[in-house]
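Undergrad: The file below is structure-v3.txt, compact mmCIF, C-alpha atoms:
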```
# COMPACT_ATOMS: atom_id res chain seq x y z
CA MET A 1 4.50 15.37 -14.63
CA ALA A 2 2.83 12.32 -16.16
CA TRP A 3 6.07 11.73 -18.04
CA ILE A 4 7.80 10.92 -14.74
CA VAL A 5 5.29 8.22 -13.88
CA ARG A 6 5.49 6.81 -17.41
CA GLY A 7 9.28 6.83 -17.23
CA ILE A 8 9.28 4.99 -13.91
CA GLU A 9 6.87 2.40 -15.31
CA ASN A 10 9.11 1.87 -18.34
CA VAL A 11 12.27 1.48 -16.27
CA ILE A 12 10.61 -1.00 -13.90
CA ARG A 13 9.12 -2.96 -16.79
CA ALA A 14 12.58 -3.24 -18.35
CA ASN A 15 14.33 -4.01 -15.06
CA PRO A 16 11.94 -5.13 -12.26
CA LYS A 17 14.76 -5.09 -9.67
CA ARG A 18 14.77 -1.31 -9.90
CA LEU A 19 11.38 -1.32 -8.16
CA GLU A 20 13.06 -2.58 -4.98
CA ASP A 21 15.54 0.30 -5.16
CA LEU A 22 12.74 2.79 -5.74
CA LEU A 23 10.70 1.48 -2.80
CA ARG A 24 13.73 1.52 -0.51
CA ASN A 25 14.35 5.17 -1.41
CA LEU A 26 10.68 6.12 -1.09
CA ARG A 27 10.52 4.69 2.42
CA LYS A 28 13.28 7.07 3.48
CA ASP A 29 10.78 9.91 3.09
CA ARG A 30 8.21 8.61 5.57
CA GLU A 31 5.69 11.38 4.95
CA LEU A 32 5.74 10.89 1.19
CA PHE A 33 5.50 7.11 1.50
CA GLU A 34 2.52 7.44 3.88
CA GLU A 35 0.78 9.70 1.35
CA ILE A 36 1.38 7.18 -1.44
CA VAL A 37 0.09 4.27 0.66
CA ILE A 38 -2.99 6.20 1.82
CA SER A 39 -3.70 7.25 -1.75
CA ALA A 40 -3.51 3.62 -2.90
CA TYR A 41 -5.84 2.64 -0.05
CA VAL A 42 -8.35 5.37 -0.92
CA GLU A 43 -8.35 4.29 -4.58
CA GLY A 44 -8.99 0.69 -3.54
CA LEU A 45 -5.68 -0.54 -4.94
CA ILE A 46 -4.70 -2.01 -1.58
CA ASN A 47 -6.66 -2.99 1.51
CA LEU A 48 -6.22 -1.88 5.11
CA SER A 49 -4.03 -4.85 6.00
CA LYS A 50 -1.68 -4.24 3.08
CA ALA A 51 -1.47 -0.53 3.91
CA SER A 52 -0.53 -1.26 7.51
CA GLU A 53 1.98 -3.87 6.37
CA LEU A 54 3.65 -1.42 3.98
CA LEU A 55 3.88 1.24 6.68
CA GLU A 56 5.03 -1.36 9.22
CA ILE A 57 2.34 -0.48 11.73
CA THR A 58 -0.53 -2.43 13.24
CA ARG A 59 -3.95 -2.48 11.65
CA ASP A 60 -5.32 -0.48 14.60
CA GLU A 61 -2.59 2.14 14.17
CA MET A 62 -3.46 2.35 10.48
CA ILE A 63 -7.13 2.89 11.28
CA GLU A 64 -6.21 5.64 13.75
CA MET A 65 -3.92 7.31 11.20
CA LEU A 66 -6.67 7.28 8.58
CA ARG A 67 -9.23 8.67 11.03
CA LYS A 68 -6.90 11.52 12.01
CA LYS A 69 -6.48 12.39 8.34
CA GLY A 70 -10.23 12.22 7.74
CA VAL A 71 -9.97 9.22 5.44
CA PRO A 72 -13.02 6.95 5.55
CA ILE A 73 -12.38 3.36 6.57
CA ARG A 74 -13.60 0.88 3.97
CA THR A 75 -15.35 -2.23 5.19
CA LEU A 76 -14.67 -5.56 3.57
CA SER A 77 -17.21 -7.04 1.23
CA LYS A 78 -18.49 -10.54 1.89
CA GLU A 79 -16.26 -11.83 -0.92
CA GLU A 80 -13.19 -10.15 0.56
CA VAL A 81 -13.89 -11.64 4.00
CA LEU A 82 -14.26 -15.11 2.49
CA ALA A 83 -11.04 -14.66 0.53
CA GLU A 84 -9.21 -13.61 3.71
CA VAL A 85 -10.54 -16.69 5.55
CA GLU A 86 -9.43 -18.95 2.70
CA ALA A 87 -5.99 -17.35 2.67
CA VAL A 88 -5.60 -17.97 6.41
CA ARG A 89 -6.75 -21.58 6.05
CA TRP A 90 -4.26 -22.12 3.25
CA PHE A 91 -1.36 -21.24 5.55
```
For this file, write the structure as structure tokens.
TA:
Amino acid sequence: MAWIVRGIENVIRANPKRLEDLLRNLRKDRELFEEIVISAYVEGLINLSKASELLEITRDEMIEMLRKKGVPIRTLSKEEVLAEVEAVRWF
């Protein structure tokens, strides 16, 4: 199955707009999209805020979803907190 992932990567690299199409289609299968987002969160590829944004739910709803699924909630490091504060100040 790794060939599928590699193929998707190649198509998106050649035509980045296709990623938008892929994401739009993935979101139609809510359960699958939730699994993908949670997996990315668990691997540390995205943070809690980004996960909740992708799933279009509040941060508190995301925390509750993760707890129900037995997924540990990561706490932010000092550096991540400072980066968040700087990002807010910038806006």
Undergrad: If we count all atoms listed in the file, what is near Gly70 (chain A) at a cut-off of 12 Å, once residues fewer than 5 positions away on the same chain are taken out, given as a PyMOL selection string?
TA: chain A and resi 38+42+63-65
Undergrad: What does the file look like for those residues with C-alpha atoms, as a PDB file, keeping the file's coordinate frame?
TA:
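Once written, selection.pdb looks like this:
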```
ATOM      1  CA  ILE A  38      -2.990   6.200   1.820  1.00  0.00           C
ATOM      2  CA  VAL A  42      -8.350   5.370  -0.920  1.00  0.00           C
ATOM      3  CA  ILE A  63      -7.130   2.890  11.280  1.00  0.00           C
ATOM      4  CA  GLU A  64      -6.210   5.640  13.750  1.00  0.00           C
ATOM      5  CA  MET A  65      -3.920   7.310  11.200  1.00  0.00           C
TER       6      MET A  65
END
```
Undergrad: Here's a test: counting all atoms listed in the file, identify every protein, DNA and RNA residue with an atom at most 12 Å from (-0.8, 2.1, 6.2) in the file's coordinate frame, and state them as a PDB file with C-alpha atoms, keeping the file's coordinate frame.
TA:
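Contents of part.pdb, freshly written:
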```
ATOM      1  CA  ARG A  30       8.210   8.610   5.570  1.00  0.00           C
ATOM      2  CA  GLU A  31       5.690  11.380   4.950  1.00  0.00           C
ATOM      3  CA  PHE A  33       5.500   7.110   1.500  1.00  0.00           C
ATOM      4  CA  GLU A  34       2.520   7.440   3.880  1.00  0.00           C
ATOM      5  CA  GLU A  35       0.780   9.700   1.350  1.00  0.00           C
ATOM      6  CA  ILE A  36       1.380   7.180  -1.440  1.00  0.00           C
ATOM      7  CA  VAL A  37       0.090   4.270   0.660  1.00  0.00           C
ATOM      8  CA  ILE A  38      -2.990   6.200   1.820  1.00  0.00           C
ATOM      9  CA  SER A  39      -3.700   7.250  -1.750  1.00  0.00           C
ATOM     10  CA  ALA A  40      -3.510   3.620  -2.900  1.00  0.00           C
ATOM     11  CA  TYR A  41      -5.840   2.640  -0.050  1.00  0.00           C
ATOM     12  CA  VAL A  42      -8.350   5.370  -0.920  1.00  0.00           C
ATOM     13  CA  ILE A  46      -4.700  -2.010  -1.580  1.00  0.00           C
ATOM     14  CA  ASN A  47      -6.660  -2.990   1.510  1.00  0.00           C
ATOM     15  CA  LEU A  48      -6.220  -1.880   5.110  1.00  0.00           C
ATOM     16  CA  SER A  49      -4.030  -4.850   6.000  1.00  0.00           C
ATOM     17  CA  LYS A  50      -1.680  -4.240   3.080  1.00  0.00           C
ATOM     18  CA  ALA A  51      -1.470  -0.530   3.910  1.00  0.00           C
ATOM     19  CA  SER A  52      -0.530  -1.260   7.510  1.00  0.00           C
ATOM     20  CA  GLU A  53       1.980  -3.870   6.370  1.00  0.00           C
ATOM     21  CA  LEU A  54       3.650  -1.420   3.980  1.00  0.00           C
ATOM     22  CA  LEU A  55       3.880   1.240   6.680  1.00  0.00           C
ATOM     23  CA  GLU A  56       5.030  -1.360   9.220  1.00  0.00           C
ATOM     24  CA  ILE A  57       2.340  -0.480  11.730  1.00  0.00           C
ATOM     25  CA  THR A  58      -0.530  -2.430  13.240  1.00  0.00           C
ATOM     26  CA  ARG A  59      -3.950  -2.480  11.650  1.00  0.00           C
ATOM     27  CA  ASP A  60      -5.320  -0.480  14.600  1.00  0.00           C
ATOM     28  CA  GLU A  61      -2.590   2.140  14.170  1.00  0.00           C
ATOM     29  CA  MET A  62      -3.460   2.350  10.480  1.00  0.00           C
ATOM     30  CA  ILE A  63      -7.130   2.890  11.280  1.00  0.00           C
ATOM     31  CA  GLU A  64      -6.210   5.640  13.750  1.00  0.00           C
ATOM     32  CA  MET A  65      -3.920   7.310  11.200  1.00  0.00           C
ATOM     33  CA  LEU A  66      -6.670   7.280   8.580  1.00  0.00           C
ATOM     34  CA  ARG A  67      -9.230   8.670  11.030  1.00  0.00           C
ATOM     35  CA  LYS A  69      -6.480  12.390   8.340  1.00  0.00           C
ATOM     36  CA  VAL A  71      -9.970   9.220   5.440  1.00  0.00           C
ATOM     37  CA  ILE A  73     -12.380   3.360   6.570  1.00  0.00           C
TER      38      ILE A  73
END
```
Undergrad: Can you measure CA of Gly44 (chain A) to CA of Thr75 (chain A) for me? One decimal in Å is fine.
TA: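 These two atoms are separated by 11.2 Å.
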Undergrad: Enter the distance from CA of Asp21 (chain A) to CA of Glu84 (chain A), in Å, rounded to one decimal.
TA: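 Between CA of Asp21 (chain A) and CA of Glu84 (chain A) the gap is 29.7 Å.
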Undergrad: By how many Å are CA of Glu80 (chain A) and CA of Pro16 (chain A) apart?
TA: 28.7 Å
Undergrad: Could you model N, CA and C atoms for region 44-57 of chain A and present them as an mmCIF file, in the coordinates of the input?
TA:
```cif
data_model
loop_
_atom_site.group_PDB
_atom_site.id
_atom_site.type_symbol
_atom_site.label_atom_id
_atom_site.label_comp_id
_atom_site.auth_asym_id
_atom_site.auth_seq_id
_atom_site.Cartn_x
_atom_site.Cartn_y
_atom_site.Cartn_z
ATOM 1 N N GLY A 44 -8.602 2.096 -3.550
ATOM 2 C CA GLY A 44 -8.990 0.690 -3.540
ATOM 3 C C GLY A 44 -7.951 -0.231 -4.166
ATOM 4 N N LEU A 45 -6.737 0.276 -4.350
ATOM 5 C CA LEU A 45 -5.680 -0.540 -4.940
ATOM 6 C C LEU A 45 -5.092 -1.516 -3.929
ATOM 7 N N ILE A 46 -5.148 -1.141 -2.656
ATOM 8 C CA ILE A 46 -4.700 -2.010 -1.580
ATOM 9 C C ILE A 46 -5.727 -1.955 -0.457
ATOM 10 N N ASN A 47 -5.730 -2.980 0.389
ATOM 11 C CA ASN A 47 -6.660 -2.990 1.510
ATOM 12 C C ASN A 47 -5.967 -2.472 2.774
ATOM 13 N N LEU A 48 -6.723 -2.414 3.836
ATOM 14 C CA LEU A 48 -6.220 -1.880 5.110
ATOM 15 C C LEU A 48 -5.029 -2.685 5.626
ATOM 16 N N SER A 49 -5.123 -3.996 5.520
ATOM 17 C CA SER A 49 -4.030 -4.850 6.000
ATOM 18 C C SER A 49 -2.745 -4.600 5.223
ATOM 19 N N LYS A 50 -2.864 -4.483 3.903
ATOM 20 C CA LYS A 50 -1.680 -4.240 3.080
ATOM 21 C C LYS A 50 -1.096 -2.860 3.385
ATOM 22 N N ALA A 51 -1.947 -1.875 3.581
ATOM 23 C CA ALA A 51 -1.470 -0.530 3.910
ATOM 24 C C ALA A 51 -0.691 -0.545 5.220
ATOM 25 N N SER A 52 -1.233 -1.216 6.228
ATOM 26 C CA SER A 52 -0.530 -1.260 7.510
ATOM 27 C C SER A 52 0.768 -2.045 7.396
ATOM 28 N N GLU A 53 0.759 -3.100 6.587
ATOM 29 C CA GLU A 53 1.980 -3.870 6.370
ATOM 30 C C GLU A 53 3.060 -3.009 5.699
ATOM 31 N N LEU A 54 2.685 -2.270 4.680
ATOM 32 C CA LEU A 54 3.650 -1.420 3.980
ATOM 33 C C LEU A 54 4.236 -0.350 4.891
ATOM 34 N N LEU A 55 3.404 0.191 5.770
ATOM 35 C CA LEU A 55 3.880 1.240 6.680
ATOM 36 C C LEU A 55 4.481 0.673 7.965
ATOM 37 N N GLU A 56 4.453 -0.664 8.066
ATOM 38 C CA GLU A 56 5.030 -1.360 9.220
ATOM 39 C C GLU A 56 4.426 -0.892 10.533
ATOM 40 N N ILE A 57 3.082 -0.815 10.523
ATOM 41 C CA ILE A 57 2.340 -0.480 11.730
ATOM 42 C C ILE A 57 1.200 -1.491 11.867
#
```
